[in-house]
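K.L.:
Sharing a structure, written as structure tokens. Questions coming.
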Amino acid sequence: MSRDAETFDKLNVKRLVGLEAECMYPYTDSIHTPSNWATTYDGSISTGGDYEGIELVSTPSSGDLLYSQVFDLVDWAKSYEAVVNSSCGLHVHFDSTNLNARQVAHIGIVYSRYQHLLKDMMPPSRQGSRWCKDFSMNVDTLRNIDTEEELIEEYYESMNCRLNLHSRYFHGSLEFRLHSGTLNKTKIVNWIRILNAIIEKGIEIEKDSSLVDEFLKYGDLTSFVKTIGEELTSYHSKRVMKFAS
């Protein structure tokens, strides 16, 4: 079951988005989950002492409903004194059921160009995480993909990367696994907005090969600013400076 929003004032994301937030909390006998969230055990979370690892999984939602879900997660985390460590991650699933193979491939073009800039936003422990390899499909390969069969064949040569196309054939979504674990509203919302901009840019440039050429002619940072806008660029810069050392 999913929830399509009718308003997009606080988060202008029209596509359904599902979140997987890994975290841990001081052990307790019982726990409740916020509305439109479920919990599951995650063995990849390394806990210590009296902490219990958990993954919260959201109902796919869009727009202001998605924004409210993030608030509910943050409130839940405060009430249970939940925290994250370097073993935790934030996975974001964008609905891809209405995208064809060429559109997905062109989203891959945009993501592959920006992935080093996105990686710079993350803590060093996440940048070198064994769970997430770089998206290694090159631009020439991606722009010449026409069918689902070609997309599948080329993708499985570079499995387990930060942009997970495998999820497309099991869950109908594009999964982004780069972000470190967080229970911070601003970080979660801005990360969703950045990824949404990347998806929309990929859909846009797929329409004409000349748009791909236009996209590729700018330097990576200049192109990134044009894609995500000044506000998100400012946020990106602050995150990069935090981990620059």
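Going by the structure tokens order, chains are called A, B, ..., each with residues numbered from 1, while ligands are numbered from 1 in the order shown.
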Report as a PyMOL selection string all protein, DNA and RNA residues lying within 12 Å of range 98-105 of chain A, evaluated on only C-alpha atoms, omitting residues in the same chain fewer than 5 positions from it.

P.N.:
chain A and resi 15-16+110-112+135+137-155+163-166+168-169+172-175+198-209+212

K.L.:
Could you produce a table of the residues of range 122-232 of chain A lying within 8 Å of range 61-83 of chain A, with the nearest pair of atoms per residue and their separation in Å rounded to one decimal, using only C-alpha atoms, ordered by chain and increasing residue number, as a tab-separated table?

P.N.:
residue	atom	partner	partner_atom	distance
A:Thr182	CA	A:Val83	CA	8.0
A:Leu183	CA	A:Val74	CA	5.8
A:Asn184	CA	A:Val74	CA	6.6
A:Lys185	CA	A:Val70	CA	6.3
A:Ile188	CA	A:Val70	CA	7.4
A:Val189	CA	A:Tyr67	CA	7.3

K.L.:
Residues of range 21-164 of chain A classed as helix (DSSP H, G or I) by DSSP on the backbone are to be reported as a PyMOL selection string.

P.N.:
chain A and resi 63-80+101-119+124-127+139-143+148-155

K.L.:
Save out the residues we just selected, N, CA and C atoms, as a compact mmCIF listing (two decimals), in the first residue's frame.

P.N.:
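Here's the written file part_8.txt:
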# COMPACT_ATOMS: atom_id res chain seq x y z
N GLY A 63 5.31 13.78 -1.64
CA GLY A 63 4.96 15.12 -1.22
C GLY A 63 4.93 15.34 0.28
N ASP A 64 3.92 16.05 0.73
CA ASP A 64 3.82 16.43 2.14
C ASP A 64 3.56 15.23 3.05
N LEU A 65 3.00 14.15 2.51
CA LEU A 65 2.84 12.94 3.31
C LEU A 65 4.21 12.34 3.64
N LEU A 66 5.10 12.37 2.67
CA LEU A 66 6.47 11.90 2.88
C LEU A 66 7.19 12.78 3.90
N TYR A 67 6.99 14.08 3.78
CA TYR A 67 7.59 15.03 4.72
C TYR A 67 7.14 14.74 6.15
N SER A 68 5.85 14.47 6.32
CA SER A 68 5.32 14.16 7.65
C SER A 68 5.90 12.86 8.19
N GLN A 69 6.12 11.90 7.29
CA GLN A 69 6.72 10.63 7.71
C GLN A 69 8.11 10.83 8.31
N VAL A 70 8.87 11.71 7.69
CA VAL A 70 10.21 11.99 8.21
C VAL A 70 10.11 12.59 9.61
N PHE A 71 9.16 13.51 9.82
CA PHE A 71 8.95 14.09 11.14
C PHE A 71 8.57 13.01 12.16
N ASP A 72 7.71 12.10 11.75
CA ASP A 72 7.29 11.02 12.66
C ASP A 72 8.48 10.15 13.04
N LEU A 73 9.37 9.89 12.10
CA LEU A 73 10.57 9.10 12.39
C LEU A 73 11.45 9.82 13.41
N VAL A 74 11.66 11.11 13.20
CA VAL A 74 12.51 11.90 14.11
C VAL A 74 11.91 11.93 15.51
N ASP A 75 10.59 12.11 15.60
CA ASP A 75 9.93 12.11 16.91
C ASP A 75 10.06 10.75 17.60
N TRP A 76 9.90 9.69 16.82
CA TRP A 76 10.06 8.34 17.37
C TRP A 76 11.47 8.15 17.93
N ALA A 77 12.47 8.60 17.15
CA ALA A 77 13.87 8.45 17.57
C ALA A 77 14.13 9.17 18.89
N LYS A 78 13.56 10.34 19.04
CA LYS A 78 13.74 11.10 20.29
C LYS A 78 13.09 10.37 21.46
N SER A 79 11.91 9.82 21.25
CA SER A 79 11.19 9.18 22.36
C SER A 79 11.89 7.91 22.82
N TYR A 80 12.61 7.24 21.92
CA TYR A 80 13.30 6.00 22.29
C TYR A 80 14.81 6.20 22.45
N ALA A 101 13.43 1.57 -19.68
CA ALA A 101 14.85 1.26 -19.52
C ALA A 101 15.75 2.42 -19.91
N ARG A 102 15.39 3.13 -20.97
CA ARG A 102 16.21 4.27 -21.40
C ARG A 102 16.21 5.38 -20.35
N GLN A 103 15.07 5.64 -19.76
CA GLN A 103 15.01 6.67 -18.71
C GLN A 103 15.87 6.27 -17.52
N VAL A 104 15.78 5.01 -17.11
CA VAL A 104 16.60 4.54 -15.99
C VAL A 104 18.08 4.65 -16.33
N ALA A 105 18.44 4.27 -17.55
CA ALA A 105 19.84 4.37 -17.97
C ALA A 105 20.34 5.81 -17.93
N HIS A 106 19.51 6.75 -18.32
CA HIS A 106 19.92 8.16 -18.32
C HIS A 106 19.97 8.73 -16.90
N ILE A 107 19.13 8.21 -16.01
CA ILE A 107 19.29 8.55 -14.59
C ILE A 107 20.66 8.07 -14.12
N GLY A 108 21.05 6.89 -14.59
CA GLY A 108 22.38 6.37 -14.28
C GLY A 108 23.48 7.27 -14.78
N ILE A 109 23.30 7.89 -15.95
CA ILE A 109 24.30 8.83 -16.48
C ILE A 109 24.48 10.00 -15.52
N VAL A 110 23.36 10.56 -15.07
CA VAL A 110 23.43 11.72 -14.17
C VAL A 110 24.05 11.31 -12.85
N TYR A 111 23.59 10.19 -12.29
CA TYR A 111 24.12 9.76 -11.00
C TYR A 111 25.61 9.45 -11.08
N SER A 112 26.03 8.75 -12.12
CA SER A 112 27.44 8.39 -12.23
C SER A 112 28.33 9.62 -12.33
N ARG A 113 27.82 10.67 -12.93
CA ARG A 113 28.61 11.89 -13.05
C ARG A 113 28.76 12.61 -11.71
N TYR A 114 27.74 12.50 -10.87
CA TYR A 114 27.74 13.23 -9.60
C TYR A 114 28.16 12.40 -8.40
N GLN A 115 28.37 11.10 -8.57
CA GLN A 115 28.56 10.26 -7.39
C GLN A 115 29.78 10.66 -6.56
N HIS A 116 30.84 11.19 -7.18
CA HIS A 116 31.99 11.61 -6.39
C HIS A 116 31.65 12.85 -5.56
N LEU A 117 30.77 13.71 -6.08
CA LEU A 117 30.33 14.88 -5.32
C LEU A 117 29.42 14.46 -4.18
N LEU A 118 28.57 13.48 -4.42
CA LEU A 118 27.69 12.97 -3.37
C LEU A 118 28.48 12.25 -2.29
N LYS A 119 29.50 11.52 -2.72
CA LYS A 119 30.32 10.79 -1.75
C LYS A 119 31.04 11.76 -0.81
N PRO A 124 33.86 9.73 6.24
CA PRO A 124 34.86 8.84 5.64
C PRO A 124 34.51 7.36 5.77
N SER A 125 33.91 6.99 6.90
CA SER A 125 33.55 5.59 7.10
C SER A 125 32.54 5.12 6.06
N ARG A 126 31.68 6.03 5.61
CA ARG A 126 30.69 5.67 4.59
C ARG A 126 31.31 5.69 3.20
N GLN A 127 32.21 6.63 2.96
CA GLN A 127 32.84 6.75 1.65
C GLN A 127 33.56 5.47 1.26
N VAL A 139 29.15 6.26 -19.46
CA VAL A 139 28.15 7.07 -20.16
C VAL A 139 27.80 6.49 -21.52
N ASP A 140 28.81 6.09 -22.30
CA ASP A 140 28.55 5.56 -23.64
C ASP A 140 27.68 4.31 -23.59
N THR A 141 27.94 3.46 -22.60
CA THR A 141 27.12 2.25 -22.44
C THR A 141 25.69 2.63 -22.09
N LEU A 142 25.54 3.53 -21.14
CA LEU A 142 24.21 3.89 -20.65
C LEU A 142 23.37 4.58 -21.71
N ARG A 143 23.97 5.47 -22.48
CA ARG A 143 23.17 6.23 -23.44
C ARG A 143 22.74 5.40 -24.64
N GLU A 148 14.97 -3.28 -21.64
CA GLU A 148 15.17 -3.80 -20.29
C GLU A 148 16.24 -4.90 -20.29
N GLU A 149 16.24 -5.73 -21.34
CA GLU A 149 17.23 -6.81 -21.41
C GLU A 149 18.65 -6.25 -21.43
N GLU A 150 18.87 -5.19 -22.18
CA GLU A 150 20.19 -4.58 -22.25
C GLU A 150 20.56 -3.95 -20.91
N LEU A 151 19.59 -3.32 -20.27
CA LEU A 151 19.84 -2.69 -18.98
C LEU A 151 20.22 -3.74 -17.93
N ILE A 152 19.48 -4.84 -17.91
CA ILE A 152 19.76 -5.90 -16.96
C ILE A 152 21.14 -6.49 -17.19
N GLU A 153 21.45 -6.79 -18.44
CA GLU A 153 22.74 -7.42 -18.77
C GLU A 153 23.91 -6.53 -18.36
N GLU A 154 23.81 -5.24 -18.67
CA GLU A 154 24.90 -4.32 -18.37
C GLU A 154 25.01 -4.06 -16.87
N TYR A 155 23.86 -3.95 -16.19
CA TYR A 155 23.90 -3.62 -14.77
C TYR A 155 24.54 -4.73 -13.94

K.L.:
Taking the DSSP secondary structure from the backbone, can you list the residues of range 80-217 of chain A that are strand (DSSP E), as a VMD selection string?

P.N.:
chain A and resid 90 to 95 163 to 164 173 to 176

K.L.:
Would you write out those residues with C-alpha atoms, as an mmCIF file, in the first residue's frame?

P.N.:
data_model
loop_
_atom_site.group_PDB
_atom_site.id
_atom_site.type_symbol
_atom_site.label_atom_id
_atom_site.label_comp_id
_atom_site.auth_asym_id
_atom_site.auth_seq_id
_atom_site.Cartn_x
_atom_site.Cartn_y
_atom_site.Cartn_z
ATOM 1 C CA LEU A 90 19.769 5.404 5.095
ATOM 2 C CA HIS A 91 18.393 3.726 1.963
ATOM 3 C CA VAL A 92 15.984 5.618 -0.284
ATOM 4 C CA HIS A 93 13.687 3.896 -2.811
ATOM 5 C CA PHE A 94 12.094 5.891 -5.630
ATOM 6 C CA ASP A 95 9.205 4.318 -7.527
ATOM 7 C CA LEU A 163 22.646 3.046 -7.146
ATOM 8 C CA ASN A 164 20.848 -0.303 -6.904
ATOM 9 C CA SER A 173 12.092 1.025 -7.258
ATOM 10 C CA LEU A 174 15.467 2.646 -7.759
ATOM 11 C CA GLU A 175 17.368 2.289 -4.496
ATOM 12 C CA PHE A 176 20.069 4.735 -3.390
#

K.L.:
Can you pull out every residue within 10 Å of Ala244 in chain A, counting only C-alpha atoms, but drop anything in the same chain fewer than 6 positions away, and send it as a list of chain:residue names?

P.N.:
A:Asp120, A:Met121, A:Met122, A:Pro123, A:Pro124, A:Lys238

K.L.:
Provide the CA of Met24 in chain A to CA of Arg239 in chain A distance in Å, to one decimal place.

P.N.:
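It comes out at 23.5 Å.
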
K.L.:
Would you compute the distance between CA of Ser35 in chain A and CA of Tyr235 in chain A? Give it in Å to one decimal.

P.N.:
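Between CA of Ser35 in chain A and CA of Tyr235 in chain A the gap is 29.0 Å.
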
K.L.:
Nearest to Asn85 in chain A among A:Ile31, A:Ala38, A:Leu221, A:Ala21, with distances taken over only C-alpha atoms: which residue is it?

P.N.:
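Among the listed residues, the smallest separation from Asn85 in chain A belongs to A:Ala21.
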
K.L.:
Pick from A:Val240, A:Leu232, A:Ala5, A:Leu211: nearest to Thr186 in chain A, with only C-alpha atoms counted?

P.N.:
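Looking at the shortest contact to Thr186 in chain A, the residue is A:Leu232.
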
K.L.:
Please report the interatomic distance between CA of Ser46 in chain A and CA of Pro60 in chain A in Å with one decimal.

P.N.:
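Computing it gives 26.8 Å between the two atoms.
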
K.L.:
Show me, as number ranges by chain, the residues that have an atom within 7 Å of Thr40 in chain A when counting only C-alpha atoms, minus same-chain residues fewer than 5 positions from it.

P.N.:
A: 54-56
